[in-house]
Each structure stands twice: as C-alpha cells, then as structure tokens.
Amino acid sequence: MFRLSHYMDQLQTPTLVRKRRGKGAVKPVVIWNLTRRCNLKCRHCYTVSADVDFPGELSKKQAVSVLEDLGEFKIPALILSGGEPLIRDDIFTLAHRARQMKMYLALSTNGTWIVGDVADKVADVGFDYVGISIDGIGKTNDWFRGMDGAFMQALSGVRNCKKRDIKVGLRFTITSDNAEQLPDILKLCADEGVDKFYLSHLVYAGRGDKNRGEDAAHIRTKQAMDLLLEHAENTAKTGVGPEIVTGNNDADAVYFLRWAEQRYNAEQVTHLRDHLTAWGGNSSGVGVANIDTQGNVHPDTYWSDYTVGSVKDTRFSELWTGNDPMLEQLRLRPRPLKGRCGACAYQDVCGGNTRIRALQVSGDPWAEDPACYLSAREIGIDEDAERLTVTPFRGKSHDPAHKFL
C-alpha cells in the first residue's frame with residue numbers, strides 16, 4: 001500500500017526520515033482471509049468467493065490459536081478479510097480478542113452486512129478502520145459486484161459506520177469499465193465524510209486474472225493518478241478531505257516523485273525521495289503477509305500459488321522467520337528483477353512492483369510487471385535498449401513460483 005497523502009504531507013511539513021527496514025524478516029501486517037463465503041460475486045475477486053460453504057476452513061479453535069500466536073509475535077496490524085468476513089459466526093470473538101492484544105485492527109468488507117445489530121457489534125469492537133469496497137456509482141457497482149442493490153447496501157454500511165463514529169474508507173478497483181467514474185467516487189467520499197479513499201489497481205489473481213483484459217489503459221491510470229495527486233495536495237494544504245492511499249501498483253510512488261519534481265524545489269524532492277526509499281516500495285513477503293481461509297501462508301493476498309506453509313501444522317511466527325526460499329528472495333534489496341524492472345532507475349522506490357502480475361503474465365516472478373504505466377524515459381531506461389530487453393508475453397504459467405529461485 002502506498003500512502004500517498006502521508007508522503008504528500010512531507011512536501012508541506014517535512015519530518016525526519018525513519019531508518020530503512022533491514023534485509024531480514026520484519027513483523028508484517030497480516031491480511032487474514034477468514035472465509036471464502038460471500039454474498040456477492042465480484043468480477044475482480046482474488047479469492048473467487050461465492051455464497052456457499054467451503055470445506056477445510058479454519059475451525060474456531062484453530063483460528064483462536066492462530067490469533068494468539070499473532071499476538072505473541074507482536075504483529076503491528078491485522079486486517080480481517082474474506083470473502084465477506086462478517087458472515088463468519090466467530091468474527092466478533094476473534095475481533096474482540098485481537099483488540100485486547102493492542103494491535104491495529106481493520107475490517108475489509110463489502111459493507112452490505114453493516115446494518116442493525118451487526119453495525120452495533122462492529123462499533124463495539126472498536127475497529128481502527130473499516131474499509132468498504134465500492135467499484136462505481138449505482139448500477140456500475142452492482143454490475144461489478146454481481147448483485148442488484150449492492151451499491152445502496154454498501155452506502156448504507158458507510159453511513160452506519162459514520163453514525164457510530166467508526167473510521168471508514170472506500171476502496172475502488174480501477175478498470176477500463178469504471179475509470180471514468182473516479183471523480184464521482186471522490187465526490188461521494190466528500191459528500192459522505194469518508195475518512196480514507198483507497199484506489200486499488202487490478203491484480204491478475206482469481207477472477208481478477210480472468211478479467212485482466214479490463215485493466216485500465218496506462219494513460220487512464222496516469223489520469224487517475226493526476227486526479228488523486230490534485231486531491232491529496234489540496235488536502236495537505238487545507239486539511240480538508242480524505243486520506244488517499246493506493247495499492248497494488250508501486251509505480252505510483254515513482255509517478256508521484258516525478259510529479260513532485262515538476263512542482264517543488266530540489267531540497268523538497270530529495271527529502272521526499274529519502275522517505276520513499278526508506279519505505280522501499282513493494283512489501284510482499286517483507287512487511288505484508290497473508291493467511292488464507294485454509295490456513296496457508298502466502299507472501300501477499302494475491303500470491304495463492306505459492307505457499308510458505310500452513311498454520312494448521314506450524315505457527316505463523318515460525319513460518320515467517322524460517323528459511324523459505326521465496327521469502328528470502330523477496331527480502332533482497334535490490335531484488336533479482338529482469339526486463340524493464342531490472343533496468344529501472346527507481347528500484348529503491350518501487351521495489352519491483354507487484355511480482356504476482358509478472359508471474360501470471362510471463363511465468364517468471366522476477367520478470368517486469370506488465371502494469372507499470374511509466375515509459376522507458378520516465379524510469380530512466382534508454383528506449384532503444386528497452387526494445388531489446390522487454391520480456392515477451394508468454395501467457396499464464398502454471399509452474400510453481402519456486403522453479404525460478
């Protein structure tokens with residue numbers, strides 16, 4: 001996740017640059033998919049969820065055991081996700097226990113369940129943040145989400161959170177089918193007093209892989225970023241507006257840095273780059289981890305084809321601090337990147353972007369990320385050399401990721 005508003009603030013009110021994280025394992029933000037069951041059928045769902053019971057999901061006893069380990073390991077943050085996590089009958093037992101552990105606690109939901117008693121229970125937990133997915137206005141969202149009325153139900157969830165003083169945000173996955181509605185979504189955030197806006201770039205996983213042809217064209221992505229940068233800068237100067245973050249395309253940080261170069265002085269830009277370098281870009285296998293519904297641990301939520309191990313057999317803390325070969329490679333700086341990513345002058349800022357997209361398109365997790373929307377010139381590559389080094393499209397590979405270690 002790229003905290004655009006946070007780094008925009010550095011241009012207005014500079015703060016000290018924190019120390020860069022080390023090479024080895026760090027305590028990650030854990031995104032925990034509690035269930036694959038969901039009342040919606042979203043076109044870009046990375047877990048391919050549905051409104052059925054899936055066998056093999058962690059039992060309540062197993063889930064509690066995992067949670068205790070996460071608490072003892074002192075992870076900084078836990079995001080409860082799905083499917084639709086509010087469908088799981090022990091969600092509030094787990095949430096209350098996590099709250100007692102003093103970790104940052106967030107809920108990732110489609111919002112349609114946040115009504116009545118459920119809304120009261122969400123408020124009672126005291127989640128630090130509730131993120132609700134909306135992928136367009138009205139019928140556009142309903143089409144993406146596979147259910148008539150999904151937009152109004154999700155909007156009701158937003159309003160029910162606001163009524164209960166719960167920090168709430170909207171998540172919007174941009175594709176060619178809804179990119180033009182981004183201004184309307186931002187207006188919705190302002191009208192509803194939403195605290196955070198999260199722009200998610202499409203990741204080629206689950207139904208998102210099947211629908212990769214809908215990925216927004218690079219020019220549309222730049223237009224979207226220009227709009228977000230305008231909003232973030234205005235908020236940084238006035239203090240009015242939602243926090244803006246983006247996810248699943250770390251090239252956003254490079255685009256922002258180049259944007260700043262055109263508008264701010266050299267000292268400010270140098271300070272900004274120092275902060276972005278300390279952040280380091282893509283955090284898969286480093287500062288973020290995923291536990292799926294079956295208890296399998298992955299480098300991130302989209303990398304389901306590669307499993308570090310199972311919390312049914314081994315504690316998460318042991319898996320994360322073990323000697324897994326893919327995690328060791330992901331934690332290298334610089335990473336063993338190829339193609340455009342390997343030649344990019346901004347590896348220290350971007351970290352190589354999203355490796356699962358590279359894997360899905362080329363069969364190699366270290367190939368260039370096809371969703372980087374910056375030109376060769378913009379990332380410091382000679383355009384003639386790029387034509388010689390670009391990784392050709394070879395279609396989706398089903399080979400295991402560790403083949404390329």
# chains A, B, ... in the order shown; residues from 1 in each chain; ligands from 1
call {"tool": "residues_around", "arguments": {"residues": "A:Ile291", "least_positions_apart": "2", "cutoff": "9 Å", "atoms": "only C-alpha atoms", "output": "list of chain:residue names"}}
result
A:Val30, A:Ile31, A:Trp32, A:Asn33, A:Leu34, A:Ala289, A:Thr293, A:Gln294, A:Gly295, A:Asn296, A:Val297, A:His298, A:Asp300, A:Thr301, A:Ser310, A:Val311, A:Phe316
call {"tool": "residues_around", "arguments": {"residues": "stretch 86-102 of chain A", "least_positions_apart": "2", "cutoff": "8 Å", "atoms": "only C-alpha atoms", "output": "mmCIF file with C-alpha atoms, in the first residue's frame"}}
result
data_model
loop_
_atom_site.group_PDB
_atom_site.id
_atom_site.type_symbol
_atom_site.label_atom_id
_atom_site.label_comp_id
_atom_site.auth_asym_id
_atom_site.auth_seq_id
_atom_site.Cartn_x
_atom_site.Cartn_y
_atom_site.Cartn_z
ATOM 1 C CA LEU A 34 -11.328 -15.707 7.398
ATOM 2 C CA THR A 35 -13.749 -17.246 4.897
ATOM 3 C CA ARG A 37 -18.125 -17.355 1.681
ATOM 4 C CA CYS A 38 -19.578 -14.110 0.304
ATOM 5 C CA LYS A 60 -12.924 -21.593 15.644
ATOM 6 C CA ALA A 63 -8.460 -19.557 14.407
ATOM 7 C CA VAL A 64 -8.122 -18.638 18.074
ATOM 8 C CA LEU A 67 -4.650 -15.277 16.702
ATOM 9 C CA GLY A 71 -0.430 -11.545 19.306
ATOM 10 C CA GLU A 84 -17.166 -11.448 3.449
ATOM 11 C CA TYR A 104 -4.035 -2.105 14.861
ATOM 12 C CA LEU A 105 -7.231 -3.812 13.741
ATOM 13 C CA THR A 109 -15.836 -5.811 3.927
ATOM 14 C CA TRP A 113 -23.802 -6.564 6.214
ATOM 15 C CA LYS A 121 -21.261 -5.066 17.076
ATOM 16 C CA VAL A 122 -18.721 -3.598 14.637
ATOM 17 C CA VAL A 125 -15.256 -3.976 18.776
ATOM 18 C CA GLY A 126 -13.614 -0.609 18.169
ATOM 19 C CA PHE A 127 -12.011 -1.357 14.819
#
call {"tool": "closest_residue", "arguments": {"among": "A:Arg36, A:Gln153, A:Thr321, A:Ala376", "to": "A:Gly56", "atoms": "only C-alpha atoms"}}
result
A:Arg36
call {"tool": "select_by_dssp", "arguments": {"residues": "stretch 63-239 of chain A", "states": "strand (DSSP E)", "output": "JSON, numbers by chain"}}
result
{"A": [77, 78, 79, 80, 81, 104, 105, 106, 107, 108, 109, 129, 130, 131, 132, 133, 168, 169, 170, 171, 172, 173, 174, 196, 197, 198, 199, 200, 201]}
call {"tool": "select_by_dssp", "arguments": {"residues": "stretch 106-299 of chain A", "states": "alpha helix (DSSP H)", "output": "PyMOL selection string"}}
result
chain A and resi 116-125+139-145+150-163+182-192+207-210+218-238+251-261+266-279
call {"tool": "write_last_selection", "arguments": {"atoms": "C-alpha atoms", "output": "mmCIF file, in the first residue's frame"}}
result
data_model
loop_
_atom_site.group_PDB
_atom_site.id
_atom_site.type_symbol
_atom_site.label_atom_id
_atom_site.label_comp_id
_atom_site.auth_asym_id
_atom_site.auth_seq_id
_atom_site.Cartn_x
_atom_site.Cartn_y
_atom_site.Cartn_z
ATOM 1 C CA GLY A 116 -28.702 -3.085 12.664
ATOM 2 C CA ASP A 117 -27.168 -5.306 15.335
ATOM 3 C CA VAL A 118 -24.165 -6.130 13.144
ATOM 4 C CA ALA A 119 -23.336 -2.431 12.813
ATOM 5 C CA ASP A 120 -23.583 -2.088 16.599
ATOM 6 C CA LYS A 121 -21.261 -5.066 17.076
ATOM 7 C CA VAL A 122 -18.721 -3.598 14.637
ATOM 8 C CA ALA A 123 -18.776 -0.378 16.653
ATOM 9 C CA ASP A 124 -18.467 -2.276 19.930
ATOM 10 C CA VAL A 125 -15.256 -3.976 18.776
ATOM 11 C CA LYS A 139 -25.647 0.132 -11.435
ATOM 12 C CA THR A 140 -21.946 0.186 -12.346
ATOM 13 C CA ASN A 141 -21.096 -1.052 -8.877
ATOM 14 C CA ASP A 142 -23.959 -3.573 -8.975
ATOM 15 C CA TRP A 143 -22.612 -4.990 -12.244
ATOM 16 C CA PHE A 144 -19.091 -5.309 -10.827
ATOM 17 C CA ARG A 145 -20.393 -6.834 -7.618
ATOM 18 C CA ALA A 150 -25.281 -3.760 -3.810
ATOM 19 C CA PHE A 151 -24.368 -0.070 -4.172
ATOM 20 C CA MET A 152 -27.120 1.223 -1.910
ATOM 21 C CA GLN A 153 -26.476 -1.514 0.649
ATOM 22 C CA ALA A 154 -22.756 -0.707 0.734
ATOM 23 C CA LEU A 155 -23.512 3.007 1.000
ATOM 24 C CA SER A 156 -25.826 2.229 3.893
ATOM 25 C CA GLY A 157 -22.898 0.420 5.527
ATOM 26 C CA VAL A 158 -20.739 3.536 5.110
ATOM 27 C CA ARG A 159 -23.420 5.706 6.694
ATOM 28 C CA ASN A 160 -23.969 3.286 9.548
ATOM 29 C CA CYS A 161 -20.247 3.425 10.304
ATOM 30 C CA LYS A 162 -20.253 7.222 10.272
ATOM 31 C CA LYS A 163 -23.248 7.303 12.622
ATOM 32 C CA LEU A 182 -13.367 8.039 -10.295
ATOM 33 C CA PRO A 183 -14.339 11.747 -9.966
ATOM 34 C CA ASP A 184 -17.829 10.680 -8.873
ATOM 35 C CA ILE A 185 -16.377 8.291 -6.299
ATOM 36 C CA LEU A 186 -14.197 11.047 -4.879
ATOM 37 C CA LYS A 187 -17.227 13.328 -4.712
ATOM 38 C CA LEU A 188 -19.085 10.561 -2.894
ATOM 39 C CA CYS A 189 -16.243 10.428 -0.356
ATOM 40 C CA ALA A 190 -16.566 14.162 0.225
ATOM 41 C CA ASP A 191 -20.376 14.086 0.426
ATOM 42 C CA GLU A 192 -20.400 11.221 2.932
ATOM 43 C CA ARG A 207 -11.401 -13.609 -11.139
ATOM 44 C CA GLY A 208 -9.104 -10.593 -11.455
ATOM 45 C CA ASP A 209 -6.802 -12.766 -13.586
ATOM 46 C CA LYS A 210 -9.678 -13.908 -15.767
ATOM 47 C CA HIS A 218 -1.825 3.156 -18.918
ATOM 48 C CA ILE A 219 -2.984 6.610 -19.982
ATOM 49 C CA ARG A 220 -6.134 6.217 -17.896
ATOM 50 C CA THR A 221 -4.049 5.142 -14.945
ATOM 51 C CA LYS A 222 -1.977 8.313 -15.265
ATOM 52 C CA GLN A 223 -5.136 10.404 -15.493
ATOM 53 C CA ALA A 224 -6.433 8.749 -12.341
ATOM 54 C CA MET A 225 -3.168 9.433 -10.541
ATOM 55 C CA ASP A 226 -3.206 13.070 -11.651
ATOM 56 C CA LEU A 227 -6.652 13.446 -10.114
ATOM 57 C CA LEU A 228 -5.586 11.778 -6.863
ATOM 58 C CA LEU A 229 -2.449 13.905 -6.655
ATOM 59 C CA GLU A 230 -4.525 17.053 -7.070
ATOM 60 C CA HIS A 231 -6.868 15.961 -4.277
ATOM 61 C CA ALA A 232 -4.043 14.857 -1.983
ATOM 62 C CA GLU A 233 -2.151 18.115 -2.453
ATOM 63 C CA ASN A 234 -5.271 20.151 -1.751
ATOM 64 C CA THR A 235 -5.943 18.139 1.414
ATOM 65 C CA ALA A 236 -2.328 18.524 2.562
ATOM 66 C CA LYS A 237 -2.619 22.299 2.198
ATOM 67 C CA THR A 238 -6.131 22.781 3.606
ATOM 68 C CA ALA A 251 4.919 2.548 -9.671
ATOM 69 C CA ASP A 252 2.510 5.093 -8.165
ATOM 70 C CA ALA A 253 5.348 6.231 -5.901
ATOM 71 C CA VAL A 254 7.626 6.822 -8.887
ATOM 72 C CA TYR A 255 4.900 8.723 -10.721
ATOM 73 C CA PHE A 256 4.378 10.870 -7.622
ATOM 74 C CA LEU A 257 8.100 11.561 -7.284
ATOM 75 C CA ARG A 258 8.330 12.685 -10.899
ATOM 76 C CA TRP A 259 5.207 14.809 -10.424
ATOM 77 C CA ALA A 260 6.849 16.498 -7.429
ATOM 78 C CA GLU A 261 9.993 17.213 -9.463
ATOM 79 C CA ALA A 266 15.242 20.218 -5.297
ATOM 80 C CA GLU A 267 15.556 20.117 -1.499
ATOM 81 C CA GLN A 268 11.900 19.103 -1.092
ATOM 82 C CA VAL A 269 12.164 16.455 -3.793
ATOM 83 C CA THR A 270 15.333 14.999 -2.258
ATOM 84 C CA HIS A 271 13.590 14.822 1.116
ATOM 85 C CA LEU A 272 10.601 13.095 -0.494
ATOM 86 C CA ARG A 273 12.796 10.538 -2.241
ATOM 87 C CA ASP A 274 14.589 9.781 1.014
ATOM 88 C CA HIS A 275 11.240 8.973 2.603
ATOM 89 C CA LEU A 276 10.134 6.857 -0.372
ATOM 90 C CA THR A 277 13.433 4.972 -0.365
ATOM 91 C CA ALA A 278 13.041 4.256 3.350
ATOM 92 C CA TRP A 279 9.588 2.871 2.574
#
call {"tool": "atom_distance", "arguments": {"atom1": "atom CA of A:Pro28", "atom2": "atom CA of A:Leu70"}}
result
10.0 Å
call {"tool": "closest_residue", "arguments": {"among": "A:Gly339, A:Gly351, A:Gly136, A:Gln360", "to": "A:Ile381", "atoms": "only C-alpha atoms"}}
result
A:Gly339
